[in-house]
file structure-v5.txt (compact mmCIF, C-alpha atoms)
# COMPACT_ATOMS: atom_id res chain seq x y z
CA MET D 177 16.85 -16.63 3.70
CA SER D 178 14.49 -13.67 3.61
CA PRO D 179 14.17 -11.20 6.50
CA LEU D 180 11.06 -12.84 8.01
CA SER D 181 11.82 -16.48 7.20
CA GLY D 182 10.35 -18.68 9.93
CA ILE D 183 7.58 -16.22 10.86
CA ARG D 184 4.05 -17.59 10.41
CA VAL D 185 1.19 -15.18 9.68
CA VAL D 186 -2.56 -15.81 9.55
CA GLU D 187 -4.65 -13.32 7.57
CA VAL D 188 -8.40 -12.77 7.80
CA GLY D 189 -8.62 -10.03 5.23
CA ALA D 190 -10.61 -8.66 2.36
CA PHE D 191 -10.10 -5.97 -0.25
CA MET D 192 -6.99 -3.97 0.57
CA ALA D 193 -5.59 -3.03 4.00
CA ALA D 194 -4.99 -6.44 5.61
CA PRO D 195 -4.07 -8.22 2.34
CA PHE D 196 -1.61 -5.42 1.47
CA ALA D 197 -0.06 -5.67 4.95
CA THR D 198 0.37 -9.42 4.67
CA MET D 199 1.68 -9.10 1.11
CA GLN D 200 4.55 -7.07 2.57
CA LEU D 201 5.16 -9.72 5.23
CA ALA D 202 5.00 -12.50 2.63
CA ASP D 203 7.46 -10.64 0.38
CA LEU D 204 9.78 -10.45 3.39
CA GLY D 205 9.70 -14.22 3.71
CA ALA D 206 6.93 -14.88 6.23
CA THR D 207 4.64 -17.85 5.65
CA VAL D 208 1.24 -16.18 5.15
CA ILE D 209 -1.91 -18.27 5.45
CA LYS D 210 -4.90 -16.45 4.01
CA VAL D 211 -8.11 -17.70 5.66
CA GLU D 212 -11.14 -17.21 3.42
CA ASN D 213 -14.81 -18.08 3.48
CA PRO D 214 -15.43 -21.23 1.41
CA GLU D 215 -18.30 -19.40 -0.32
CA GLY D 216 -16.35 -17.20 -2.73
CA GLY D 217 -13.44 -16.18 -0.53
CA ASP D 218 -11.99 -12.66 -0.47
CA GLN D 219 -14.31 -10.28 -2.35
CA VAL D 220 -11.39 -9.17 -4.55
CA ARG D 221 -11.62 -12.58 -6.26
CA ALA D 222 -14.80 -11.25 -7.90
CA ILE D 223 -13.22 -8.00 -9.13
CA GLY D 224 -11.89 -7.88 -12.71
CA PRO D 225 -10.29 -7.78 -15.09
CA PHE D 226 -10.10 -11.56 -15.27
CA THR D 227 -7.56 -13.89 -16.85
CA ALA D 228 -8.57 -17.54 -17.32
CA GLY D 229 -11.51 -16.80 -15.02
CA HIS D 230 -9.36 -15.44 -12.17
CA SER D 231 -9.09 -11.90 -10.81
CA SER D 232 -5.98 -10.13 -12.05
CA PRO D 233 -5.82 -7.75 -9.03
CA PHE D 234 -6.22 -10.67 -6.58
CA ALA D 235 -3.35 -12.60 -8.17
CA ARG D 236 -1.06 -9.64 -7.54
CA LEU D 237 -2.25 -8.49 -4.12
CA ASN D 238 -2.10 -12.01 -2.67
CA ARG D 239 1.15 -13.33 -4.09
CA ASN D 240 3.40 -15.53 -1.93
CA LYS D 241 0.41 -16.62 0.19
CA ARG D 242 -1.35 -19.91 0.92
CA SER D 243 -5.15 -20.15 0.97
CA VAL D 244 -7.17 -22.03 3.59
CA ALA D 245 -10.96 -22.03 3.19
CA LEU D 246 -12.71 -22.12 6.58
CA ASP D 247 -16.18 -21.09 7.68
CA LEU D 248 -15.38 -19.10 10.82
CA LYS D 249 -19.09 -18.77 11.66
CA SER D 250 -19.28 -22.51 12.23
CA GLU D 251 -17.89 -23.95 15.44
CA PRO D 252 -15.81 -26.61 13.63
CA GLY D 253 -14.34 -23.94 11.37
CA ALA D 254 -13.61 -21.63 14.30
CA ALA D 255 -12.02 -24.50 16.21
CA ALA D 256 -9.75 -25.27 13.25
CA PHE D 257 -8.88 -21.56 13.05
CA ARG D 258 -7.82 -21.60 16.72
CA ARG D 259 -5.47 -24.45 15.87
CA LEU D 260 -3.97 -22.32 13.12
CA VAL D 261 -3.46 -19.41 15.50
CA GLN D 262 -1.74 -21.59 18.08
CA HIS D 263 0.99 -22.16 15.49
CA ALA D 264 1.16 -18.51 14.34
CA ASP D 265 3.31 -15.53 15.22
CA VAL D 266 1.04 -12.87 13.73
CA LEU D 267 -2.65 -12.51 12.92
CA VAL D 268 -3.80 -9.67 10.64
CA GLU D 269 -7.51 -8.90 10.17
CA ASN D 270 -9.54 -6.06 8.75
CA LEU D 271 -13.11 -7.01 9.54
CA ARG D 272 -15.48 -4.46 11.12
CA PRO D 273 -14.41 -3.78 14.75
CA GLY D 274 -16.03 -6.34 17.02
CA ALA D 275 -16.66 -8.88 14.25
CA MET D 276 -13.80 -11.16 15.32
CA ARG D 277 -14.89 -10.89 18.97
CA LYS D 278 -18.41 -11.99 18.03
CA LEU D 279 -16.88 -15.10 16.50
CA GLY D 280 -14.92 -15.75 19.70
CA LEU D 281 -11.72 -14.96 17.79
CA GLY D 282 -10.76 -11.55 19.14
CA TYR D 283 -7.38 -10.77 20.67
CA ASP D 284 -8.63 -11.46 24.21
CA ASP D 285 -9.97 -14.83 23.05
CA LEU D 286 -6.83 -15.97 21.23
CA SER D 287 -4.06 -14.50 23.37
CA PRO D 288 -4.52 -17.09 26.16
CA LEU D 289 -4.05 -19.83 23.55
CA ASN D 290 -0.89 -18.17 22.20
CA PRO D 291 0.55 -15.53 24.55
CA GLY D 292 3.19 -14.54 22.00
CA LEU D 293 0.61 -13.74 19.32
CA VAL D 294 0.88 -10.35 17.61
CA TYR D 295 -2.67 -9.46 16.59
CA VAL D 296 -3.04 -6.62 14.04
CA SER D 297 -6.48 -5.10 13.47
CA ALA D 298 -6.96 -2.71 10.54
CA SER D 299 -10.22 -0.79 10.24
CA GLY D 300 -11.69 2.40 8.88
CA TRP D 301 -11.79 4.42 12.09
CA GLY D 302 -9.99 2.36 14.74
CA GLN D 303 -11.14 -0.17 17.31
CA ASP D 304 -12.70 2.43 19.62
CA GLY D 305 -14.05 5.98 19.53
CA PRO D 306 -17.44 7.32 18.36
CA LEU D 307 -16.87 6.31 14.71
CA ALA D 308 -15.56 2.81 15.38
CA ASN D 309 -18.69 0.89 14.39
CA LEU D 310 -19.35 2.81 11.18
CA PRO D 311 -18.33 1.38 7.82
CA GLY D 312 -15.17 3.02 6.57
CA LEU D 313 -13.68 2.76 3.08
CA ASP D 314 -10.66 4.48 1.58
CA ILE D 315 -12.56 7.42 0.11
CA MET D 316 -14.28 8.12 3.45
CA ALA D 317 -10.90 8.14 5.21
CA GLN D 318 -9.48 10.45 2.55
CA ALA D 319 -12.49 12.74 3.02
CA ARG D 320 -12.62 12.85 6.82
CA GLY D 321 -8.83 12.73 7.09
CA GLY D 322 -8.38 15.97 5.13
CA LEU D 323 -6.71 14.59 2.01
CA MET D 324 -9.58 15.54 -0.26
CA SER D 325 -9.50 19.11 1.05
CA VAL D 326 -6.00 19.62 -0.36
CA THR D 327 -6.18 17.46 -3.50
CA GLY D 328 -7.24 18.86 -6.87
CA MET D 329 -7.29 22.34 -8.36
CA PRO D 330 -8.22 25.50 -6.42
CA GLY D 331 -11.96 26.09 -6.71
CA GLY D 332 -12.54 22.67 -8.29
CA ASP D 333 -14.66 19.73 -7.20
CA PRO D 334 -13.34 17.49 -4.40
CA VAL D 335 -10.81 14.96 -5.71
CA LYS D 336 -9.38 11.90 -4.03
CA VAL D 337 -5.83 10.67 -4.48
CA GLY D 338 -5.80 8.47 -7.59
CA VAL D 339 -4.82 5.29 -5.72
CA PRO D 340 -6.46 4.04 -2.47
CA ILE D 341 -3.75 5.71 -0.44
CA ALA D 342 -5.39 5.45 3.00
CA ASP D 343 -5.99 1.72 2.51
CA LEU D 344 -2.47 1.09 1.27
CA VAL D 345 -0.66 3.06 3.93
CA CYS D 346 -2.84 1.55 6.64
CA GLY D 347 -1.56 -1.78 5.33
CA LEU D 348 2.03 -0.54 5.51
CA TYR D 349 1.51 0.67 9.09
CA GLY D 350 -0.01 -2.71 9.89
CA ALA D 351 3.06 -4.51 8.55
CA LEU D 352 5.40 -2.12 10.37
CA GLY D 353 3.37 -2.58 13.56
CA ALA D 354 3.62 -6.35 13.20
CA VAL D 355 7.40 -6.46 12.82
CA SER D 356 7.81 -3.90 15.63
CA ALA D 357 5.65 -5.99 17.97
CA LEU D 358 7.66 -9.08 17.01
CA GLN D 359 10.82 -7.21 17.98
CA ALA D 360 9.25 -6.21 21.31
CA ARG D 361 8.35 -9.86 21.86
CA HIS D 362 12.03 -10.76 21.85
CA ALA D 363 12.39 -8.77 25.07
CA THR D 364 9.11 -9.60 26.80
CA GLY D 365 8.04 -12.94 25.35
CA GLN D 366 4.56 -11.45 25.00
CA GLY D 367 2.54 -10.54 21.96
CA GLN D 368 0.18 -7.57 21.80
CA HIS D 369 -2.72 -6.02 19.92
CA VAL D 370 -1.85 -3.50 17.19
CA ASP D 371 -4.66 -1.13 16.12
CA VAL D 372 -4.25 0.70 12.79
CA SER D 373 -6.90 2.70 10.95
CA LEU D 374 -7.47 4.23 7.55
CA LEU D 375 -8.39 7.56 9.15
CA GLU D 376 -5.23 7.94 11.20
CA SER D 377 -3.15 6.72 8.27
CA ALA D 378 -4.64 9.49 6.12
CA VAL D 379 -4.14 12.18 8.79
CA SER D 380 -0.54 11.07 9.34
CA PHE D 381 0.37 12.50 5.92
CA ALA D 382 -0.45 16.07 6.91
CA ILE D 383 3.12 17.10 7.79
CA TRP D 384 3.11 20.41 5.93
CA GLU D 385 -0.53 21.16 6.75
CA ALA D 386 0.04 20.52 10.47
CA GLY D 387 3.17 22.65 10.42
CA LYS D 388 1.21 25.54 8.95
CA TYR D 389 -1.95 25.15 11.04
CA PHE D 390 -0.32 24.66 14.44
CA ALA D 391 2.12 27.51 13.80
CA THR D 392 -0.22 30.08 12.25
CA GLY D 393 -3.80 28.77 12.38
CA GLU D 394 -3.91 28.83 8.58
CA VAL D 395 -5.85 26.03 6.90
CA GLY D 396 -4.41 24.66 3.68
CA GLY D 397 -6.42 24.09 0.52
CA PRO D 398 -5.97 22.46 -2.89
CA LEU D 399 -3.01 23.73 -4.90
CA GLY D 400 -3.12 21.45 -7.91
CA SER D 401 0.38 20.03 -8.29
CA ALA D 402 2.07 22.94 -6.48
CA HIS D 403 3.96 22.64 -3.20
CA GLN D 404 2.47 24.06 -0.03
CA SER D 405 5.21 26.65 0.60
CA THR D 406 7.96 26.71 -2.04
CA ALA D 407 8.18 27.29 -5.80
CA PRO D 408 8.64 26.33 -8.52
CA TYR D 409 7.68 22.81 -7.42
CA GLN D 410 4.87 21.60 -9.65
CA ALA D 411 3.80 20.42 -13.08
CA ILE D 412 4.81 22.67 -15.95
CA ARG D 413 3.30 22.70 -19.44
CA THR D 414 5.46 21.82 -22.44
CA ALA D 415 4.83 21.84 -26.19
CA ASP D 416 3.67 18.22 -26.16
CA GLY D 417 2.57 17.58 -22.57
CA TRP D 418 3.82 18.15 -19.06
CA CYS D 419 6.85 17.71 -16.87
CA THR D 420 7.45 18.34 -13.18
CA VAL D 421 10.15 20.55 -11.76
CA GLY D 422 11.47 21.21 -8.26
CA ALA D 423 13.79 24.23 -8.30
CA VAL D 424 13.55 25.29 -4.67
CA THR D 425 17.20 25.68 -3.60
CA PRO D 426 19.41 28.58 -4.74
CA LYS D 427 21.50 26.21 -6.89
CA THR D 428 18.54 24.55 -8.62
CA TRP D 429 16.78 27.89 -9.13
CA GLN D 430 19.90 29.21 -10.85
CA GLY D 431 20.08 26.01 -12.88
CA LEU D 432 16.47 26.32 -14.04
CA CYS D 433 16.91 29.92 -15.16
CA ALA D 434 20.09 29.00 -17.05
CA ALA D 435 18.59 25.87 -18.65
CA LEU D 436 15.53 27.70 -19.90
CA GLY D 437 17.27 30.96 -20.83
CA LEU D 438 15.50 33.10 -18.23
CA PRO D 439 18.22 35.37 -16.80
CA GLU D 440 15.64 38.06 -16.10
CA LEU D 441 13.90 35.85 -13.54
CA LEU D 442 17.20 35.13 -11.81
CA ALA D 443 17.96 38.84 -11.66
CA ASP D 444 14.53 39.72 -10.22
CA GLN D 445 15.04 39.96 -6.46
CA ARG D 446 11.37 39.26 -5.84
CA TYR D 447 12.14 35.66 -6.85
CA ALA D 448 15.33 35.27 -4.83
CA ASP D 449 13.69 33.19 -2.09
CA ALA D 450 11.70 30.00 -2.72
CA HIS D 451 9.01 31.00 -0.21
CA ASP D 452 8.59 34.39 -1.88
CA ARG D 453 8.40 32.69 -5.28
CA HIS D 454 5.54 30.58 -3.91
CA GLY D 455 3.52 33.71 -3.21
CA LEU D 456 4.16 34.94 -6.74
CA ARG D 457 3.28 31.67 -8.52
CA HIS D 458 0.49 33.37 -10.45
CA GLU D 459 3.08 35.32 -12.46
CA LEU D 460 6.15 33.09 -12.10
CA ILE D 461 4.69 29.91 -13.63
CA PRO D 462 3.30 31.64 -16.75
CA ALA D 463 6.73 33.25 -17.27
CA ILE D 464 8.38 29.82 -17.14
CA GLU D 465 5.73 28.24 -19.37
CA ARG D 466 6.24 30.88 -22.06
CA VAL D 467 9.52 29.09 -22.68
CA THR D 468 8.63 25.48 -21.87
CA THR D 469 5.56 25.45 -24.13
CA THR D 470 7.86 26.11 -27.09
CA ARG D 471 9.91 22.96 -26.31
CA THR D 472 9.06 19.30 -26.02
CA THR D 473 8.91 17.50 -22.69
CA ALA D 474 11.99 15.47 -23.60
CA ASP D 475 13.91 18.63 -24.48
CA VAL D 476 12.93 20.45 -21.28
CA VAL D 477 13.78 17.45 -19.10
CA ALA D 478 17.12 16.98 -20.83
CA ALA D 479 18.01 20.65 -20.39
CA LEU D 480 17.07 20.63 -16.71
CA ASP D 481 18.85 17.32 -16.10
CA ALA D 482 22.02 18.77 -17.58
CA ARG D 483 21.90 21.56 -14.99
CA GLY D 484 21.13 19.26 -12.07
CA VAL D 485 17.58 20.55 -11.63
CA PRO D 486 15.16 17.90 -10.24
CA CYS D 487 12.57 17.15 -12.92
CA ALA D 488 10.64 14.30 -14.52
CA PRO D 489 8.08 13.73 -17.24
CA ILE D 490 4.54 12.83 -16.16
CA SER D 491 4.16 9.20 -17.18
CA ASP D 492 0.99 7.21 -17.64
CA TYR D 493 1.02 3.61 -16.41
CA SER D 494 1.74 2.13 -19.83
CA GLN D 495 5.00 4.08 -19.69
CA VAL D 496 5.62 3.22 -16.04
CA PHE D 497 5.15 -0.52 -16.59
CA ASN D 498 7.67 -0.39 -19.44
CA ASP D 499 10.11 2.02 -17.83
CA GLU D 500 13.74 1.25 -18.76
CA HIS D 501 15.08 2.24 -15.33
CA LEU D 502 12.65 -0.08 -13.53
CA GLU D 503 13.36 -2.86 -16.01
CA GLN D 504 17.10 -2.59 -15.46
CA ARG D 505 16.58 -2.74 -11.71
CA ARG D 506 14.44 -5.86 -12.24
CA PHE D 507 11.53 -4.30 -10.36
CA PHE D 508 8.91 -6.23 -12.35
CA TRP D 509 8.82 -10.01 -12.21
CA ASP D 510 6.56 -12.91 -13.16
CA ALA D 511 4.80 -15.11 -10.61
CA GLU D 512 3.46 -18.48 -11.69
CA HIS D 513 -0.22 -19.40 -11.41
CA PRO D 514 -1.59 -22.88 -12.26
CA GLU D 515 -4.31 -21.53 -14.56
CA MET D 516 -3.36 -17.94 -15.40
CA GLY D 517 0.24 -18.76 -16.28
CA PRO D 518 2.90 -16.11 -15.59
CA VAL D 519 1.43 -13.11 -13.73
CA ARG D 520 3.47 -9.91 -14.00
CA GLN D 521 4.09 -8.46 -10.56
CA LEU D 522 5.07 -5.10 -9.12
CA GLY D 523 8.27 -5.55 -7.17
CA SER D 524 8.82 -4.83 -3.51
CA ALA D 525 10.05 -1.32 -2.78
CA MET D 526 12.53 -2.84 -0.28
CA ARG D 527 15.86 -4.06 -1.61
CA PHE D 528 18.11 -6.02 0.75
CA SER D 529 21.76 -6.70 0.04
CA ALA D 530 21.88 -9.98 2.00
CA THR D 531 18.29 -11.18 2.58
CA PRO D 532 16.28 -10.56 -0.62
CA THR D 533 12.53 -10.39 -0.74
CA ARG D 534 10.69 -13.47 -1.93
CA ARG D 535 9.39 -13.93 -5.47
CA GLY D 536 7.05 -16.90 -5.24
CA PRO D 537 3.66 -17.85 -6.72
CA ALA D 538 0.80 -15.57 -7.67
CA GLY D 539 -2.32 -15.35 -5.50
CA PRO D 540 -3.54 -18.87 -4.67
CA LEU D 541 -6.70 -20.64 -5.72
CA LEU D 542 -9.39 -20.60 -3.04
CA GLY D 543 -8.65 -23.34 -0.53
CA ALA D 544 -5.55 -24.48 -2.40
CA ASP D 545 -3.66 -25.24 0.81
CA THR D 546 -6.48 -26.13 3.23
CA VAL D 547 -5.57 -29.78 3.77
CA GLU D 548 -1.82 -29.23 3.85
CA VAL D 549 -1.97 -26.38 6.37
CA LEU D 550 -4.45 -28.15 8.66
CA ARG D 551 -2.17 -31.20 8.70
CA GLU D 552 0.74 -28.95 9.66
CA CYS D 553 -1.33 -27.74 12.61
CA GLY D 554 -1.80 -31.29 13.86
CA LEU D 555 -5.29 -32.14 12.59
CA THR D 556 -5.72 -35.76 11.62
CA GLY D 557 -6.93 -36.89 8.23
CA GLN D 558 -10.22 -37.92 9.80
CA GLU D 559 -10.70 -34.48 11.39
CA ILE D 560 -9.94 -32.76 8.09
CA ASP D 561 -12.30 -35.03 6.17
CA ARG D 562 -15.06 -34.19 8.66
CA LEU D 563 -14.49 -30.45 8.21
CA LEU D 564 -14.67 -30.84 4.44
CA ALA D 565 -17.77 -33.02 4.60
CA GLU D 566 -19.58 -30.57 6.90
CA GLY D 567 -18.74 -27.59 4.67
CA ALA D 568 -16.74 -25.95 7.46
CA ALA D 569 -13.69 -26.13 5.20
CA ALA D 570 -13.07 -26.41 1.47
CA GLN D 571 -10.20 -27.40 -0.77
CA SER D 572 -9.41 -26.29 -4.30
CA PRO D 573 -9.51 -29.17 -6.76
CA THR D 574 -6.22 -27.97 -8.31
CA PRO D 575 -3.99 -26.73 -5.48
CA LEU D 576 -1.33 -24.16 -6.19
CA GLU D 577 2.13 -25.25 -5.16
CA SER D 578 3.34 -23.10 -2.27
CA THR D 579 6.86 -22.01 -1.43
call {"tool": "encode", "arguments": {"input": "structure-v5.txt", "output": "structure tokens"}}
result
Amino acid sequence: MSPLSGIRVVEVGAFMAAPFATMQLADLGATVIKVENPEGGDQVRAIGPFTAGHSSPFARLNRNKRSVALDLKSEPGAAAFRRLVQHADVLVENLRPGAMRKLGLGYDDLSPLNPGLVYVSASGWGQDGPLANLPGLDIMAQARGGLMSVTGMPGGDPVKVGVPIADLVCGLYGALGAVSALQARHATGQGQHVDVSLLESAVSFAIWEAGKYFATGEVGGPLGSAHQSTAPYQAIRTADGWCTVGAVTPKTWQGLCAALGLPELLADQRYADAHDRHGLRHELIPAIERVTTTRTTADVVAALDARGVPCAPISDYSQVFNDEHLEQRRFFWDAEHPEMGPVRQLGSAMRFSATPTRRGPAGPLLGADTVEVLRECGLTGQEIDRLLAEGAAAQSPTPLEST
């Protein structure tokens, strides 16, 4: 048994936020039914690189899911979708606000059919407000949400976070909102609408910036890899690359000075406090790097580790995906796909001692489970055949076995 075994989720998602939310729910054991347009499905299916003609990112982002191909713009397809929702606990969608309502599939339309339905809507700017109807992608949320104002080097060009962080965390908030609403349903018997946005997800990260602004009125800016208020907490040059260090407590500051042979810095009272060291970074970091640039990254990390100073090398993803620590913890695993073969997966960040996360198939073929799922919802063979004949539904010719 996984934590969400027995929970049934319907996804109407594309690209990142909704699919990432439902990936979390699927990993936790929920049955996730991904509803896609028969004409091509989720746009991520068309994004490479490709293996055996299938999108590598799609196969990872949509693992543990079943695919049903329905044309929601057709009345027969929408009617079949309503049947799906009547058997669901959660619906997650990330279409433009109002798009589901125009199809007659908004929360107010579906809640009377299933009063316990938890309906999660993810969007760029939220379901209301002056920006609601504008298109909103991750980079726009990072820009308007302030992240790009504090990312990068001082005086440099605007830089976004290297991964689509607003999209991904919006997905995490969506999943958290779903399980929270399910918990509330235990008490009330009623579902509810959960509204999550990329913008508010991005702004929610600004813990240090809010602390500074609301206390002093000071507006933060880009600091490279440095911390907002303490030092040394940043990337440091070595003879053959970089490592990161976080010596911000008295004990770790003493450890850094001992490990690197810098007793003069420890004796300098100007550096006694981490906040004061932050204000003197312009001279402190070069003093540290005069030593670290004469030693390899491995040597510096080993010396700091021996003194209990938090540190780490800066790894590229070829190193990350072959990391011995992650391998020993069995973080990576292979999901089977009928045409791609084994598809290496990133593990779930949640580890349960009694109810492990699910490790099932890779992202499904488009429409792989259409007939099976519609039968589970009570449609007859004749009704399903009519949907297929009318083009309101589609089925993959080589269905992926679901778990």
call {"tool": "closest_atom_pairs", "arguments": {"input": "structure-v5.txt", "of": "stretch 296-340 of chain D", "to": "stretch 270-285 of chain D", "cutoff": "7 Å", "atoms": "only C-alpha atoms", "output": "tab-separated table"}}
result
residue	atom	partner	partner_atom	distance
D:Ser297	CA	D:Asn270	CA	5.7
D:Ala298	CA	D:Asn270	CA	4.6
D:Ser299	CA	D:Asn270	CA	5.5
D:Gln303	CA	D:Pro273	CA	5.5
D:Ala308	CA	D:Pro273	CA	6.7
D:Asn309	CA	D:Pro273	CA	6.3
call {"tool": "atom_distance", "arguments": {"input": "structure-v5.txt", "atom1": "atom CA of D:Leu399", "atom2": "atom CA of D:Pro330"}}
result
5.7 Å
call {"tool": "atom_distance", "arguments": {"input": "structure-v5.txt", "atom1": "atom CA of D:Ser373", "atom2": "atom CA of D:Pro225"}}
result
28.3 Å
call {"tool": "axis_aligned_box", "arguments": {"input": "structure-v5.txt", "around": "stretch 399-414 of chain D", "padding_each_side": "3 Å", "output": "AutoDock Vina command-line options"}}
result
--center_x 2.8 --center_y 23.7 --center_z -10.9 --size_x 17.8 --size_y 13.3 --size_z 29.0
call {"tool": "atom_distance", "arguments": {"input": "structure-v5.txt", "atom1": "atom CA of D:Tyr295", "atom2": "atom CA of D:Ala202"}}
result
16.2 Å
call {"tool": "closest_residue", "arguments": {"input": "structure-v5.txt", "among": "D:Phe196, D:Arg446, D:Asp481, D:Phe381", "to": "D:Leu352", "atoms": "all atoms listed in the file"}}
result
D:Phe196
call {"tool": "closest_residue", "arguments": {"input": "structure-v5.txt", "among": "D:Ala568, D:Ala319, D:Ala197, D:Val477", "to": "D:Glu215", "atoms": "all atoms listed in the file"}}
result
D:Ala568
